[in-house]
$ cat work02.txt   # compact mmCIF, C-alpha atoms
# COMPACT_ATOMS: atom_id res chain seq x y z
CA SER A 1 0.00 0.00 0.00
CA GLN A 2 1.09 3.59 -0.52
CA GLN A 3 3.26 4.97 2.27
CA GLY A 4 2.23 8.56 1.62
CA GLU A 5 -1.29 9.71 0.97
CA GLU A 6 -2.07 13.28 0.06
CA ASP A 7 -5.18 15.19 0.94
CA PRO A 8 -7.03 16.71 -0.80
CA GLN A 9 -6.76 14.93 -4.15
CA ALA A 10 -7.54 18.21 -5.91
CA LEU A 11 -7.51 21.82 -4.80
CA SER A 12 -8.74 24.84 -6.74
CA ILE A 13 -8.02 28.37 -5.49
CA GLN A 14 -7.68 31.96 -6.69
CA GLU A 15 -4.37 33.68 -7.23
CA GLY A 16 -3.14 35.27 -4.02
CA GLU A 17 -4.78 32.71 -1.74
CA ASN A 18 -2.82 30.19 0.30
CA ALA A 19 -2.82 26.51 -0.62
CA THR A 20 -2.44 23.78 1.99
CA MET A 21 -1.82 20.15 1.15
CA ASN A 22 -1.51 17.32 3.63
CA CYS A 23 0.34 14.05 3.58
CA SER A 24 -0.06 11.07 5.88
CA TYR A 25 2.20 8.05 6.10
CA LYS A 26 2.22 4.74 7.91
CA THR A 27 5.71 3.72 8.99
CA SER A 28 8.69 5.45 10.56
CA ILE A 29 10.72 7.67 8.28
CA ASN A 30 14.07 9.43 8.09
CA ASN A 31 12.79 12.30 6.04
CA LEU A 32 9.82 13.52 4.08
CA GLN A 33 10.15 15.33 0.77
CA TRP A 34 7.77 17.33 -1.37
CA TYR A 35 7.97 17.35 -5.15
CA ARG A 36 6.16 19.27 -7.83
CA GLN A 37 5.18 17.96 -11.27
CA ASN A 38 3.93 20.01 -14.15
CA SER A 39 1.62 18.07 -16.42
CA GLY A 40 3.36 15.03 -17.91
CA ARG A 41 6.83 16.22 -16.97
CA GLY A 42 9.48 15.11 -14.51
CA LEU A 43 9.23 15.78 -10.81
CA VAL A 44 11.12 18.67 -9.29
CA HIS A 45 12.27 18.61 -5.69
CA LEU A 46 10.82 21.40 -3.53
CA ILE A 47 11.83 20.81 0.05
CA LEU A 48 13.03 18.10 2.44
CA ILE A 49 12.30 17.91 6.14
CA ARG A 50 14.09 15.47 8.40
CA SER A 51 12.34 13.39 11.02
CA ASN A 52 13.87 15.46 13.84
CA GLU A 53 12.61 18.73 12.35
CA ARG A 54 9.15 20.17 12.90
CA GLU A 55 9.00 23.04 10.42
CA LYS A 56 10.94 24.27 7.44
CA HIS A 57 10.65 27.25 5.11
CA SER A 58 11.79 27.88 1.58
CA GLY A 59 10.57 31.05 -0.10
CA ARG A 60 6.77 30.86 -0.24
CA LEU A 61 6.81 27.25 0.95
CA ARG A 62 6.31 26.13 4.51
CA VAL A 63 6.45 22.47 5.48
CA THR A 64 5.53 21.00 8.83
CA LEU A 65 6.09 17.50 10.10
CA ASP A 66 4.34 15.80 12.99
CA THR A 67 5.93 12.40 13.50
CA SER A 68 3.54 11.53 16.33
CA LYS A 69 0.63 11.83 13.90
CA LYS A 70 2.67 10.61 10.94
CA SER A 71 1.62 13.60 8.91
CA SER A 72 3.05 16.56 7.05
CA SER A 73 1.63 19.64 5.43
CA LEU A 74 2.83 21.85 2.61
CA LEU A 75 1.67 25.45 2.61
CA ILE A 76 2.15 27.65 -0.45
CA THR A 77 1.52 31.28 0.41
CA ALA A 78 0.33 33.97 -1.98
CA SER A 79 -0.22 31.44 -4.75
CA ARG A 80 0.33 32.27 -8.41
CA ALA A 81 -1.11 30.79 -11.58
CA ALA A 82 2.36 29.34 -12.23
CA ASP A 83 1.99 27.21 -9.08
CA THR A 84 -0.60 25.11 -10.92
CA ALA A 85 0.81 21.58 -10.82
CA SER A 86 0.62 18.26 -9.01
CA TYR A 87 2.34 18.04 -5.66
CA PHE A 88 3.66 14.80 -4.20
CA CYS A 89 5.01 13.88 -0.82
CA ALA A 90 7.63 11.14 -0.62
CA THR A 91 8.96 9.36 2.42
CA GLY A 92 12.50 8.13 2.77
CA ARG A 93 13.46 5.32 5.08
CA GLY A 94 16.76 3.75 6.01
CA ALA A 95 19.09 2.83 8.83
CA GLY A 96 21.86 4.71 10.50
CA GLY A 97 20.58 8.17 9.68
CA THR A 98 20.86 7.71 5.94
CA SER A 99 18.09 7.32 3.42
CA TYR A 100 18.94 4.70 0.92
CA GLY A 101 16.86 2.25 -1.03
CA LYS A 102 13.20 3.10 -1.42
CA LEU A 103 11.62 6.51 -1.66
CA THR A 104 7.87 6.01 -1.54
CA PHE A 105 5.53 8.51 -3.17
CA GLY A 106 1.92 9.37 -2.47
CA GLN A 107 -0.68 9.80 -5.17
CA GLY A 108 -0.43 13.56 -5.25
CA THR A 109 -2.60 16.65 -4.96
CA ILE A 110 -3.59 18.48 -8.13
CA LEU A 111 -3.45 22.20 -7.45
CA THR A 112 -5.14 24.66 -9.81
CA VAL A 113 -4.57 28.36 -9.24
CA HIS A 114 -6.94 30.59 -11.19
CA PRO A 115 -5.67 34.00 -12.35
CA GLU B 1 24.13 21.38 -16.83
CA ALA B 2 23.33 18.75 -14.20
CA GLN B 3 20.63 16.53 -15.54
CA VAL B 4 19.06 13.13 -15.98
CA THR B 5 18.28 12.21 -19.57
CA GLN B 6 15.98 9.51 -20.87
CA ASN B 7 15.50 8.11 -24.34
CA PRO B 8 13.22 7.73 -26.08
CA ARG B 9 10.72 10.27 -24.78
CA TYR B 10 7.82 8.61 -26.55
CA LEU B 11 7.51 5.03 -27.75
CA ILE B 12 4.69 3.01 -29.23
CA THR B 13 5.38 -0.69 -29.59
CA VAL B 14 3.61 -4.02 -29.84
CA THR B 15 3.22 -6.82 -27.35
CA GLY B 16 6.30 -9.02 -27.05
CA LYS B 17 8.80 -6.81 -28.82
CA LYS B 18 11.79 -6.28 -26.55
CA LEU B 19 12.67 -2.68 -25.80
CA THR B 20 15.14 -0.69 -23.76
CA VAL B 21 14.68 2.76 -22.27
CA THR B 22 17.98 4.41 -21.54
CA CYS B 23 18.75 6.65 -18.58
CA SER B 24 21.90 8.64 -18.02
CA GLN B 25 22.99 11.14 -15.36
CA ASN B 26 25.99 13.46 -15.32
CA MET B 27 26.11 14.19 -11.59
CA ASN B 28 28.19 11.20 -10.50
CA HIS B 29 25.30 9.98 -8.36
CA GLU B 30 25.58 6.55 -6.82
CA TYR B 31 21.83 5.98 -6.56
CA MET B 32 19.55 5.57 -9.55
CA SER B 33 15.96 4.44 -9.76
CA TRP B 34 13.10 3.76 -12.16
CA TYR B 35 9.46 4.64 -11.48
CA ARG B 36 6.27 4.25 -13.36
CA GLN B 37 3.39 6.67 -13.02
CA ASP B 38 -0.20 5.64 -13.63
CA PRO B 39 -3.43 7.60 -13.05
CA GLY B 40 -4.77 7.06 -9.55
CA LEU B 41 -1.70 5.09 -8.49
CA GLY B 42 0.93 7.79 -8.22
CA LEU B 43 4.59 6.88 -8.71
CA ARG B 44 5.67 3.34 -8.00
CA GLN B 45 9.26 2.25 -7.85
CA ILE B 46 10.29 -0.49 -10.28
CA TYR B 47 13.99 -1.03 -9.54
CA TYR B 48 16.78 0.90 -7.93
CA SER B 49 20.54 0.75 -7.80
CA MET B 50 22.84 1.97 -5.07
CA ASN B 51 26.00 1.64 -7.12
CA VAL B 52 27.60 -0.11 -10.08
CA GLU B 53 26.56 -3.76 -10.27
CA VAL B 54 24.19 -3.32 -7.30
CA THR B 55 20.48 -3.42 -8.13
CA ASP B 56 17.37 -4.25 -6.14
CA LYS B 57 13.65 -4.60 -6.66
CA GLY B 58 11.21 -1.85 -5.90
CA ASP B 59 7.47 -2.23 -5.50
CA VAL B 60 6.57 -3.36 -9.03
CA PRO B 61 9.55 -5.16 -10.62
CA GLU B 62 7.64 -7.86 -12.52
CA GLY B 63 8.21 -7.73 -16.25
CA TYR B 64 11.24 -5.44 -16.02
CA LYS B 65 14.99 -5.84 -15.92
CA VAL B 66 17.74 -3.34 -15.23
CA SER B 67 21.50 -3.26 -15.34
CA ARG B 68 24.12 -0.95 -13.86
CA LYS B 69 27.41 -1.58 -15.63
CA GLU B 70 28.49 2.04 -15.45
CA LYS B 71 27.79 4.64 -12.80
CA ARG B 72 26.12 7.08 -15.15
CA ASN B 73 23.77 4.68 -16.97
CA PHE B 74 20.79 2.68 -15.74
CA PRO B 75 18.77 1.22 -18.62
CA LEU B 76 15.30 -0.26 -18.14
CA ILE B 77 14.63 -3.37 -20.19
CA LEU B 78 11.25 -4.82 -21.07
CA GLU B 79 11.97 -8.28 -22.46
CA SER B 80 8.39 -8.98 -23.55
CA PRO B 81 6.24 -5.89 -23.12
CA SER B 82 2.55 -6.27 -22.42
CA PRO B 83 -0.29 -3.70 -22.59
CA ASN B 84 -0.36 -3.37 -18.79
CA GLN B 85 3.11 -1.84 -19.03
CA THR B 86 1.70 1.13 -20.88
CA SER B 87 2.68 3.96 -18.60
CA LEU B 88 4.80 7.06 -18.02
CA TYR B 89 8.28 6.08 -16.86
CA PHE B 90 10.72 8.22 -14.91
CA CYS B 91 14.36 7.70 -14.13
CA ALA B 92 15.86 9.46 -11.12
CA SER B 93 19.22 9.76 -9.41
CA ARG B 94 20.70 11.17 -6.22
CA ARG B 95 23.76 11.10 -4.04
CA LEU B 96 23.57 8.12 -1.75
CA ALA B 97 24.99 9.51 1.49
CA GLY B 98 22.62 11.42 3.74
CA ASP B 99 19.19 12.75 2.95
CA ASN B 100 19.20 14.07 -0.55
CA GLU B 101 16.74 15.12 -3.18
CA GLN B 102 16.20 13.00 -6.23
CA PHE B 103 16.70 14.47 -9.67
CA PHE B 104 14.20 13.22 -12.21
CA GLY B 105 14.45 12.75 -15.94
CA PRO B 106 11.80 14.18 -18.27
CA GLY B 107 9.89 10.92 -18.59
CA THR B 108 9.23 8.31 -21.27
CA ARG B 109 5.67 7.73 -22.36
CA LEU B 110 5.35 4.10 -23.43
CA THR B 111 2.35 2.59 -25.19
CA VAL B 112 2.21 -1.16 -25.71
CA LEU B 113 -0.43 -2.26 -28.21
$ encode --input "work02.txt" --output "structure tokens"
Amino acid sequence: SQQGEEDPQALSIQEGENATMNCSYKTSINNLQWYRQNSGRGLVHLILIRSNEREKHSGRLRVTLDTSKKSSSLLITASRAADTASYFCATGRGAGGTSYGKLTFGQGTILTVHP
Amino acid sequence: EAQVTQNPRYLITVTGKKLTVTCSQNMNHEYMSWYRQDPGLGLRQIYYSMNVEVTDKGDVPEGYKVSRKEKRNFPLILESPSPNQTSLYFCASRRLAGDNEQFFGPGTRLTVL
């Protein structure tokens, strides 16, 4: 079964509004990553948060991680039409503080930002 | 420019005709991986490799083969393609040590008739 599951499956907002996407997972992780995919193209890494971190920022992106609830959220502030894309969370697992082997992706949230 | 390249980008073939999708990265990454993406199923890992001559199965390896003879290349081989292998395929690579982002190729859209 999928390790990461995003919620909602689709989100439609107006330019300037904030967009929040959530990700839940089942097993312990070393890190959680968020990726963006424009239609039919390769995924682009957005941000990584380690299991011992609770919040991380990068530009208009804010990621939180709650390991007790096995969940993460991605907030995009002041959204733009160019933010329209699919967003995926991915969980990395491994031993000894490294993430090797499998990176498991969720099914993604389709974000549409209307001009 | 640091990148992952895949070829071909689009391929239409028939059942049973062996094919190879190539993947190459120029970042000297140890780790490489293949995924397939299907509607409603997200990305699923097919195979991955942590270094030359080291490969391992992902979540959906059936019907696929890989090889890692050189660090930069990680071809995906479909010995006898079937229609259920029609999908969008992505190759990715990353440095192995620590927690690192994966770099993805542009994708190969495969249709098996």
$ closest_residue --input "work02.txt" --among "A:Leu74, A:Ile29, A:Val63, A:Ala81" --to "A:Thr109" --atoms "all atoms listed in the file"
A:Leu74
$ atom_distance --input "work02.txt" --atom1 "atom CA of B:Val60" --atom2 "atom CA of A:Phe105"
13.3 Å
$ residues_around --input "work02.txt" --residues "B:Tyr89" --least-positions-apart "3" --cutoff "7 Å" --atoms "only C-alpha atoms" --output "number ranges by chain"
B: 35-37, 107-109
$ interface_residues --input "work02.txt" --of "chain B" --to "chain A" --cutoff "8 Å" --atoms "only C-alpha atoms" --output "number ranges by chain"
B: 40-45, 48-50, 58, 90, 96-107
$ atom_distance --input "work02.txt" --atom1 "atom CA of A:Thr77" --atom2 "atom CA of A:Leu11"
14.1 Å
$ atom_distance --input "work02.txt" --atom1 "atom CA of A:Pro8" --atom2 "atom CA of A:Gly59"
22.7 Å
$ residues_around --input "work02.txt" --residues "B:Val66" --least-positions-apart "2" --cutoff "12 Å" --atoms "all atoms listed in the file" --output "JSON, numbers by chain"
{"B": [19, 20, 21, 22, 23, 32, 33, 34, 46, 47, 48, 49, 52, 53, 54, 55, 56, 57, 58, 61, 62, 63, 64, 68, 69, 73, 74, 75, 76, 77, 78, 79, 91]}
$ write_last_selection --input "work02.txt" --atoms "C-alpha atoms" --output "tab-separated table (two decimals), in the coordinates of the input"
chain	number	residue	atom	x	y	z
B	19	LEU	CA	12.67	-2.68	-25.80
B	20	THR	CA	15.14	-0.69	-23.76
B	21	VAL	CA	14.68	2.76	-22.27
B	22	THR	CA	17.98	4.41	-21.54
B	23	CYS	CA	18.75	6.65	-18.58
B	32	MET	CA	19.55	5.57	-9.55
B	33	SER	CA	15.96	4.44	-9.76
B	34	TRP	CA	13.10	3.76	-12.16
B	46	ILE	CA	10.29	-0.49	-10.28
B	47	TYR	CA	13.99	-1.03	-9.54
B	48	TYR	CA	16.78	0.90	-7.93
B	49	SER	CA	20.54	0.75	-7.80
B	52	VAL	CA	27.60	-0.11	-10.08
B	53	GLU	CA	26.56	-3.76	-10.27
B	54	VAL	CA	24.19	-3.32	-7.30
B	55	THR	CA	20.48	-3.42	-8.13
B	56	ASP	CA	17.37	-4.25	-6.14
B	57	LYS	CA	13.65	-4.60	-6.66
B	58	GLY	CA	11.21	-1.85	-5.90
B	61	PRO	CA	9.55	-5.16	-10.62
B	62	GLU	CA	7.64	-7.86	-12.52
B	63	GLY	CA	8.21	-7.73	-16.25
B	64	TYR	CA	11.24	-5.44	-16.02
B	68	ARG	CA	24.12	-0.95	-13.86
B	69	LYS	CA	27.41	-1.58	-15.63
B	73	ASN	CA	23.77	4.68	-16.97
B	74	PHE	CA	20.79	2.68	-15.74
B	75	PRO	CA	18.77	1.22	-18.62
B	76	LEU	CA	15.30	-0.26	-18.14
B	77	ILE	CA	14.63	-3.37	-20.19
B	78	LEU	CA	11.25	-4.82	-21.07
B	79	GLU	CA	11.97	-8.28	-22.46
B	91	CYS	CA	14.36	7.70	-14.13
$ closest_residue --input "work02.txt" --among "A:Ile13, A:Ile110, A:Leu65, A:Cys23" --to "A:Ser86" --atoms "all atoms listed in the file"
A:Ile110
$ residues_around --input "work02.txt" --residues "A:Ser68" --least-positions-apart "3" --cutoff "12 Å" --atoms "only C-alpha atoms" --output "ChimeraX atom specification"
/A:24-29,51-52,54,65,71-72
$ closest_residue --input "work02.txt" --among "A:Thr20, A:Ser12, A:Thr91, A:Gln37" --to "A:Lys70" --atoms "all atoms listed in the file"
A:Thr91
$ residues_around --input "work02.txt" --residues "A:Gln14" --least-positions-apart "5" --cutoff "8 Å" --atoms "all atoms listed in the file" --output "list of chain:residue names"
A:Ser79, A:Val113, A:His114, A:Pro115
$ residues_near_point --input "work02.txt" --point "(1.4, -4.2, -20.7)" --cutoff "12 Å" --atoms "all atoms listed in the file" --output "VMD selection string"
chain B and resid 12 to 17 62 to 64 78 to 87 110 to 113
